[in-house]
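The next block holds one structure in the form of structure tokens; read it before the comments.
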Amino acid sequence: MSLPFLAADSGHDEHFSDAALPHRSVDRWTRPYRPGPWRVGAAALLLVLASYMLFAAVVMGLAGSGSGVTWTAGGAVLVIAGVLRLLHMGFWVSARGVRQVGLLHTVTLPWDRVASVRTVQQPVKWLAMPRTVQGQALVVTRTGGERLRPLLTDHNADFLGRTEAFDQAADAIEAWAAGPR
């Protein structure tokens, strides 16, 4: 069964017709790739944990422990907020520029402040852990020469074991950078 609403907004997707859709505007921030299976799996496990925490809060509420309910439900809300941020991480592009969304920070650069966007071979973190391996990373260089921290690598939670998907995503972001401004 085809689920076109899950398709990445790459512009070359067979799930969409050539007709302009209101949600495919170049002025809206879009991520030109889907979240990977590692990221979605981690988010699903954390949501299961949050559901257990909410169930525990209900049980504590029925037992009459008011402070336990508050702490447990608050912890569940924090886990859910973390999951939403985890799923939102990555590179986002629009006609205005490129946005790098991390877990705790976001950097937005207009296209006129981006000197280059290219794929390079370098040591990259494996699933955001301290261990590094040789891999590819999408590097965004500012006009002053400073590089953004690479969030798009072939060994991160979106592309581990999916090198073709990494190449397509990197090419799409490089095409946005090279496009008319």
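Chain labels A, B, ... are given in the sequence in which chains occur in the structure tokens; within each chain residues are numbered consecutively from 1, and ligands are likewise numbered from 1 in the order shown.
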
Next item on the list: Using backbone DSSP assignments, extract all strand (DSSP E or B) residues from chain A; output them as number ranges by chain.
Entry: A: 30, 90-93, 97-101, 106-110, 114-125, 132-142, 147, 153

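Near Gly82 in chain A, within 12 Å and counting only C-alpha atoms, sit Ala42, Ala43, Ala44, Leu46, Leu47, Ala50, Gly75, Ala76, Val77, Leu78, Val79, Arg85, Leu86, Leu87, His88, Met89, Gly102, Leu103 and Leu104 of chain A, not including residues fewer than 3 positions from it in the same chain.
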
Next item on the list: Write out as a VMD selection string the residues lying within 12 Å of Gln134 in chain A, counting only C-alpha atoms and excluding same-chain residues fewer than 3 positions away.
Entry: chain A and resid 120 to 126 131 137 153 to 155

Would you give me, as a Markdown table, each residue of range 63-135 of chain A having an atom within 10 Å of an atom of range 21-40 of chain A, along with its shortest atom pair and that distance in Å to one decimal, using only C-alpha atoms and sorting by chain and residue number?
```
| residue | atom | partner | partner_atom | distance |
| --- | --- | --- | --- | --- |
| A:Val83 | CA | A:Val40 | CA | 9.3 |
| A:Leu86 | CA | A:Arg39 | CA | 7.4 |
| A:Leu87 | CA | A:Arg39 | CA | 6.9 |
| A:His88 | CA | A:Pro35 | CA | 8.5 |
| A:Met89 | CA | A:Pro35 | CA | 8.7 |
| A:Gly90 | CA | A:Arg31 | CA | 7.4 |
| A:Phe91 | CA | A:Arg31 | CA | 6.1 |
| A:Trp92 | CA | A:Arg31 | CA | 4.4 |
| A:Val93 | CA | A:Trp29 | CA | 5.4 |
| A:Ser94 | CA | A:Trp29 | CA | 4.9 |
| A:Ala95 | CA | A:Asp27 | CA | 5.3 |
| A:Arg96 | CA | A:Asp27 | CA | 6.8 |
| A:Gly97 | CA | A:Trp29 | CA | 8.8 |
| A:Val98 | CA | A:Trp29 | CA | 8.5 |
| A:Arg99 | CA | A:Trp29 | CA | 8.2 |
| A:Leu127 | CA | A:Trp38 | CA | 8.5 |
```

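Among the candidates A:Ala63, A:Ala178, A:Val101, A:Val117, the residue lying nearest to Thr141 in chain A is A:Val117 (atoms considered: only C-alpha atoms).
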
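Going from CA of Ala115 in chain A over to CA of Ala157 in chain A, you cover 26.7 Å.
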
Item checked: For CA of Val69 in chain A and CA of Leu45 in chain A, the interatomic separation in Å (one decimal) ->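 Separation between CA of Val69 in chain A and CA of Leu45 in chain A: 21.8 Å.
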
Margin query: When you count only C-alpha atoms, which of these residues is closest to Met60 in chain A: A:Ala73, A:Leu138, A:Leu109, A:Leu151?
Written below: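 Smallest distance to Met60 in chain A is found for A:Ala73.
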
Next item on the list: Can you list, as a PyMOL selection string, all residues belonging to range 23-171 of chain A that DSSP tags as alpha helix (DSSP H)?
Entry: chain A and resi 37-63+66-88+163-171

Notebook entry, point to check: Quick one, how far is CA of Ala169 in chain A from CA of Arg147 in chain A?
Noted result: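 Interatomic distance, CA of Ala169 in chain A to CA of Arg147 in chain A: 18.9 Å.
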